[in-house]
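**Q** See final23.tsv below, with TSV, C-alpha atoms.
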```tsv
chain	number	residue	atom	x	y	z
Q	2	THR	CA	15.49	2.25	26.71
Q	3	ALA	CA	17.86	4.93	25.52
Q	4	ALA	CA	15.25	7.61	26.08
Q	5	LEU	CA	15.12	6.77	29.77
Q	6	ASN	CA	18.84	6.36	30.28
Q	7	LEU	CA	20.30	9.25	28.29
Q	8	SER	CA	21.05	11.13	31.52
Q	9	CYS	CA	23.67	8.56	32.52
Q	10	VAL	CA	26.48	10.68	31.06
Q	11	ASN	CA	25.34	14.16	31.98
Q	12	SER	CA	28.48	14.68	34.09
Q	13	PHE	CA	30.36	15.48	30.86
Q	14	VAL	CA	33.10	18.12	31.12
Q	15	VAL	CA	34.31	19.76	27.93
Q	16	PRO	CA	38.11	19.54	27.59
Q	17	SER	CA	39.47	23.04	28.18
Q	18	SER	CA	43.10	22.69	27.14
Q	19	PRO	CA	43.87	24.85	24.09
Q	20	GLU	CA	46.06	22.02	22.80
Q	21	ILE	CA	43.01	20.12	21.64
Q	22	HIS	CA	42.50	22.70	18.89
Q	23	HIS	CA	45.85	21.98	17.26
Q	24	ARG	CA	46.51	18.95	15.11
Q	25	GLY	CA	50.16	19.11	16.13
Q	26	VAL	CA	49.38	17.34	19.37
Q	27	GLY	CA	47.28	14.69	17.65
Q	28	ASN	CA	49.73	11.95	18.66
Q	29	HIS	CA	49.35	12.83	22.32
Q	30	ILE	CA	45.58	12.79	22.00
Q	31	SER	CA	45.66	9.50	20.11
Q	32	ALA	CA	47.80	7.93	22.84
Q	33	ALA	CA	45.43	9.14	25.54
Q	34	MET	CA	42.39	7.89	23.63
Q	35	ALA	CA	44.07	4.56	22.99
Q	36	ALA	CA	44.79	4.17	26.70
Q	37	ALA	CA	41.19	4.99	27.51
Q	38	SER	CA	40.05	2.52	24.88
Q	39	ASP	CA	42.22	-0.23	26.40
Q	40	GLU	CA	40.85	0.34	29.87
Q	41	LEU	CA	37.35	1.34	28.72
Q	42	GLY	CA	36.51	2.58	32.17
Q	43	VAL	CA	36.41	0.90	35.55
Q	44	LEU	CA	32.64	0.46	35.68
Q	45	PHE	CA	31.79	0.61	32.00
Q	46	THR	CA	32.54	-3.02	31.20
Q	47	THR	CA	29.36	-4.90	30.35
Q	48	THR	CA	27.95	-5.67	26.93
Q	49	ASP	CA	24.80	-3.81	27.94
Q	50	ASP	CA	26.87	-0.67	28.58
Q	51	ILE	CA	28.43	-0.82	25.15
Q	52	GLU	CA	25.11	-1.57	23.50
Q	53	HIS	CA	23.58	1.43	25.23
Q	54	ALA	CA	26.43	3.62	23.98
Q	55	ARG	CA	25.77	2.31	20.50
Q	56	GLU	CA	22.05	3.08	20.86
Q	57	VAL	CA	22.78	6.69	21.88
Q	58	PHE	CA	25.25	7.00	19.01
Q	59	ASN	CA	22.71	5.67	16.49
Q	60	LEU	CA	20.01	8.03	17.75
Q	61	VAL	CA	22.00	11.07	16.68
Q	62	ASP	CA	23.66	9.52	13.63
Q	63	THR	CA	20.81	10.80	11.51
Q	64	ASN	CA	22.29	9.92	8.12
Q	65	LYS	CA	23.30	6.45	9.38
Q	66	ASN	CA	26.82	6.63	7.99
Q	67	GLY	CA	28.42	5.23	11.15
Q	68	SER	CA	30.00	8.51	12.28
Q	69	LEU	CA	28.98	11.77	13.92
Q	70	SER	CA	29.33	15.24	12.51
Q	71	SER	CA	29.85	18.31	14.66
Q	72	SER	CA	26.15	19.20	14.52
Q	73	GLU	CA	25.11	15.64	15.42
Q	74	LEU	CA	27.44	15.67	18.41
Q	75	GLY	CA	25.91	18.96	19.55
Q	76	LYS	CA	22.47	17.40	19.19
Q	77	MET	CA	23.58	14.51	21.39
Q	78	LEU	CA	24.77	16.87	24.13
Q	79	ARG	CA	21.37	18.57	24.14
Q	80	MET	CA	19.65	15.17	24.32
Q	81	LEU	CA	21.77	14.34	27.36
Q	82	SER	CA	20.75	17.64	29.02
Q	83	ILE	CA	24.41	18.68	29.10
Q	84	ASP	CA	24.85	22.40	29.57
Q	85	ALA	CA	27.33	23.04	26.76
Q	86	SER	CA	27.54	25.99	24.40
Q	87	ASP	CA	28.09	25.64	20.65
Q	88	SER	CA	31.76	26.45	21.18
Q	89	ASP	CA	31.96	23.76	23.87
Q	90	ALA	CA	30.41	21.24	21.51
Q	91	GLU	CA	32.87	22.24	18.79
Q	92	ALA	CA	35.79	21.87	21.21
Q	93	LEU	CA	34.61	18.39	22.16
Q	94	PHE	CA	34.24	17.46	18.49
Q	95	LYS	CA	37.81	18.54	17.73
Q	96	TYR	CA	38.99	16.59	20.77
Q	97	LEU	CA	37.21	13.40	19.74
Q	98	ASP	CA	38.09	13.67	16.04
Q	99	VAL	CA	41.52	12.20	16.65
Q	100	ASP	CA	42.33	11.37	13.05
Q	101	GLY	CA	41.15	14.75	11.74
Q	102	SER	CA	38.65	13.14	9.37
Q	103	GLY	CA	35.92	15.66	10.14
Q	104	SER	CA	33.72	13.03	11.78
Q	105	VAL	CA	33.70	10.96	14.97
Q	106	SER	CA	33.70	7.18	14.67
Q	107	PHE	CA	32.07	4.93	17.26
Q	108	ASP	CA	34.74	2.42	18.31
Q	109	GLN	CA	37.93	4.46	18.34
Q	110	GLU	CA	36.68	7.96	19.14
Q	111	PHE	CA	33.17	8.10	20.63
Q	112	LEU	CA	33.14	4.98	22.83
Q	113	PRO	CA	36.22	5.75	24.98
Q	114	TRP	CA	34.87	9.22	25.80
Q	115	TYR	CA	31.36	7.91	26.47
Q	116	ALA	CA	32.75	5.16	28.72
Q	117	GLU	CA	34.69	7.68	30.83
Q	118	ALA	CA	31.69	9.99	31.09
Q	119	ALA	CA	29.41	7.09	32.02
Q	120	ASP	CA	31.88	5.94	34.67
Q	121	ASN	CA	31.94	9.43	36.18
Q	122	ALA	CA	28.14	9.51	36.21
Q	123	LYS	CA	27.97	6.11	37.90
Q	124	LEU	CA	30.46	7.20	40.55
Q	125	ASP	CA	28.38	10.32	41.19
Q	126	THR	CA	25.26	8.16	41.48
Q	127	MET	CA	27.00	5.82	43.92
Q	128	ALA	CA	28.08	8.80	46.04
Q	129	VAL	CA	24.50	10.06	46.23
Q	130	GLN	CA	23.25	6.55	47.04
Q	131	ASN	CA	25.79	6.23	49.87
Q	132	VAL	CA	24.61	9.54	51.34
Q	133	LEU	CA	20.99	8.35	51.24
Q	134	LEU	CA	21.85	4.99	52.81
Q	135	GLU	CA	23.90	6.61	55.57
Q	136	ARG	CA	21.31	9.28	56.46
Q	137	ARG	CA	20.41	9.71	60.11
Q	138	THR	CA	18.04	11.80	62.16
Q	139	VAL	CA	19.75	14.82	63.68
Q	140	THR	CA	18.43	16.03	67.02
Q	141	HIS	CA	21.31	18.20	68.25
Q	142	PHE	CA	22.52	21.28	66.39
Q	143	ASP	CA	25.25	23.87	66.76
Q	144	GLN	CA	24.32	27.54	66.68
Q	145	THR	CA	25.73	28.37	63.25
Q	146	PRO	CA	23.11	30.48	61.41
Q	147	ILE	CA	21.64	28.93	58.28
Q	148	SER	CA	22.30	31.13	55.25
Q	149	GLU	CA	19.66	31.83	52.61
Q	150	ASP	CA	21.89	30.16	50.01
Q	151	VAL	CA	21.92	26.89	51.97
Q	152	LEU	CA	18.16	27.00	52.46
Q	153	THR	CA	17.59	27.78	48.77
Q	154	ARG	CA	19.73	24.84	47.66
Q	155	ALA	CA	17.88	22.52	50.05
Q	156	VAL	CA	14.50	23.64	48.71
Q	157	GLU	CA	15.68	23.31	45.10
Q	158	CYS	CA	16.56	19.68	45.83
Q	159	ALA	CA	13.32	19.01	47.71
Q	160	ILE	CA	11.00	20.30	44.99
Q	161	ARG	CA	12.50	17.80	42.54
Q	162	ALA	CA	11.08	14.90	44.53
Q	163	PRO	CA	8.57	12.77	42.57
Q	164	ASN	CA	5.01	14.09	42.82
Q	165	TYR	CA	1.72	13.33	41.16
Q	166	SER	CA	1.29	14.99	37.77
Q	167	GLU	CA	3.92	17.59	38.68
Q	168	SER	CA	1.43	19.13	41.10
Q	169	GLU	CA	4.20	20.05	43.59
Q	170	PRO	CA	1.74	20.28	46.51
Q	171	TRP	CA	4.35	21.28	49.09
Q	172	ARG	CA	5.01	24.69	50.55
Q	173	PHE	CA	8.29	25.68	52.22
Q	174	ILE	CA	8.17	28.41	54.84
Q	175	SER	CA	11.28	29.95	56.35
Q	176	VAL	CA	10.47	30.61	60.00
Q	177	GLY	CA	12.19	33.20	62.20
Q	178	PRO	CA	13.07	32.81	65.91
Q	179	GLU	CA	9.83	34.35	67.24
Q	180	THR	CA	7.57	32.12	65.16
Q	181	ALA	CA	9.74	29.08	65.94
Q	182	ARG	CA	9.30	29.76	69.64
Q	183	LYS	CA	5.52	29.94	69.20
Q	184	ILE	CA	5.52	26.62	67.34
Q	185	ALA	CA	7.64	25.07	70.09
Q	186	GLN	CA	5.22	26.43	72.70
Q	187	LEU	CA	2.27	24.79	70.93
Q	188	ARG	CA	4.06	21.45	71.15
Q	189	VAL	CA	4.95	22.05	74.79
Q	190	ASP	CA	1.31	22.84	75.62
Q	191	GLU	CA	0.27	19.62	73.90
Q	192	LEU	CA	2.74	17.58	75.95
Q	193	ILE	CA	1.62	19.26	79.18
Q	194	ASP	CA	-2.00	18.40	78.39
Q	195	MET	CA	-0.85	14.80	78.04
Q	196	GLY	CA	0.86	15.00	81.46
Q	197	ASN	CA	4.37	14.75	80.02
Q	198	TYR	CA	5.90	17.66	81.97
Q	199	GLU	CA	9.49	16.42	81.77
Q	200	GLY	CA	9.24	15.91	78.03
Q	201	ALA	CA	7.68	19.37	77.62
Q	202	GLY	CA	10.65	21.11	79.20
Q	203	ALA	CA	13.18	19.13	77.18
Q	204	LYS	CA	11.24	19.74	73.98
Q	205	MET	CA	11.16	23.51	74.46
Q	206	LYS	CA	14.89	23.71	75.13
Q	207	ARG	CA	15.80	21.51	72.16
Q	208	TRP	CA	13.49	23.20	69.68
Q	209	ILE	CA	14.43	26.79	70.49
Q	210	ASP	CA	18.11	25.86	70.16
Q	211	ILE	CA	17.64	24.89	66.51
Q	212	PRO	CA	19.42	27.67	64.54
Q	213	GLY	CA	17.10	27.69	61.54
Q	214	TRP	CA	13.60	26.45	60.77
Q	215	CYS	CA	11.97	25.57	57.47
Q	216	VAL	CA	8.39	24.40	57.87
Q	217	VAL	CA	7.12	22.10	55.12
Q	218	THR	CA	3.38	21.93	54.54
Q	219	THR	CA	1.24	20.38	51.84
Q	220	LYS	CA	-1.60	21.81	49.86
Q	221	ILE	CA	-4.83	19.99	50.61
Q	222	SER	CA	-6.97	19.32	47.57
Q	223	ASP	CA	-10.75	19.16	47.48
Q	224	ASP	CA	-10.48	16.29	45.02
Q	225	PRO	CA	-11.59	13.09	46.87
```
Show me this structure written as structure tokens.
**A**
Amino acid sequence: TAALNLSCVNSFVVPSSPEIHHRGVGNHISAAMAAASDELGVLFTTTDDIEHAREVFNLVDTNKNGSLSSSELGKMLRMLSIDASDSDAEALFKYLDVDGSGSVSFDQEFLPWYAEAADNAKLDTMAVQNVLLERRTVTHFDQTPISEDVLTRAVECAIRAPNYSESEPWRFISVGPETARKIAQLRVDELIDMGNYEGAGAKMKRWIDIPGWCVVTTKISDDP
């Protein structure tokens, strides 16, 4: 449904060139839009893609006149969770309103832009998917200190993982060298108790060489 797939074009970038505000360059814009319309994106080629674009368009075309006003376009950006100011939305409207009619039509003005934005979003999604598919377990680290900014970004990504009823049961604890050594020692003692003396020594050396620790725990509920 459109409600579930609206985020597919949230990689939108508002055109920043001041030329888009002047009708004198309308021919250049028309040529660019025509070229985009001819190609209609590399990935955005299926009937389903076009139908979805039409569904999004119809959702914000509140008066059902087959075109979008400036306010309706701004509403669409908010629906797509696109971080755009009112002036950004107005700039986009002027960019898309190639013929200067004061409204944006579906076929000649809205669809080429939507197709390009959807293609960009799909490419971004494919890049993320490739990273996930190519992930590997890292056991050897250099000694570059981990900055707070890097740790914060990692945690911000982690807390967006799916979780039951938005309970977010996890806790992230940044651990310093002294505490990390104590944790490593607990593991070493466990291995020694198991008779794995060689593994204990290797474990201590490898763990204390890790330049930064973030311990992830989970909140235990009393609910059975």
**Q** Hey, can you check how far CA of Tyr198 in chain Q sits from CA of Thr218 in chain Q?
**A** 27.9 Å
**Q** Using all atoms listed in the file, collect all residues at a distance of at most 10 Å from (17.1, 28.9, 61.2) as written in the file, then present them as a list in words.
**A**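 The residues near that point, listed by chain and number, are Gln144, Thr145, Pro146, Ile147, Ser148, Glu149, Leu152, Ser175, Val176, Gly177, Pro178, Ala181, Ile209, Asp210, Ile211, Pro212, Gly213, Trp214 and Cys215 of chain Q.
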**Q** Rank Q:Asn197, Q:Thr48, Q:Gln109, Q:Thr219 by their smallest atom-to-atom distance to Glu169 in chain Q, using only C-alpha atoms, and report the top residue only.
**A**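 Ranking Q:Asn197, Q:Thr48, Q:Gln109, Q:Thr219 by distance to Glu169 in chain Q, first place goes to Q:Thr219.
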**Q** Residues at most 7 Å from range 182-189 of chain Q, counting all atoms listed in the file, excluding those fewer than 6 positions away in the same chain, as a PyMOL selection string?
**A** chain Q and resi 201+204-205+208-209
**Q** Suppose we keep C-alpha atoms; can you now write the selection as a compact mmCIF listing (two decimals), keeping the file's coordinate frame?
**A**
```
# COMPACT_ATOMS: atom_id res chain seq x y z
CA ALA Q 201 7.68 19.37 77.62
CA LYS Q 204 11.24 19.74 73.98
CA MET Q 205 11.16 23.51 74.46
CA TRP Q 208 13.49 23.20 69.68
CA ILE Q 209 14.43 26.79 70.49
```
**Q** Between Q:Asp143, Q:Asp98, Q:Asp50, Q:Glu199, single out the one closest to Glu117 in chain Q, counting only C-alpha atoms.
**A** Q:Asp50
**Q** Can you measure CA of Thr63 in chain Q to CA of Ser104 in chain Q for me? One decimal in Å is fine.
**A**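 We find that CA of Thr63 in chain Q and CA of Ser104 in chain Q lie 13.1 Å from each other.
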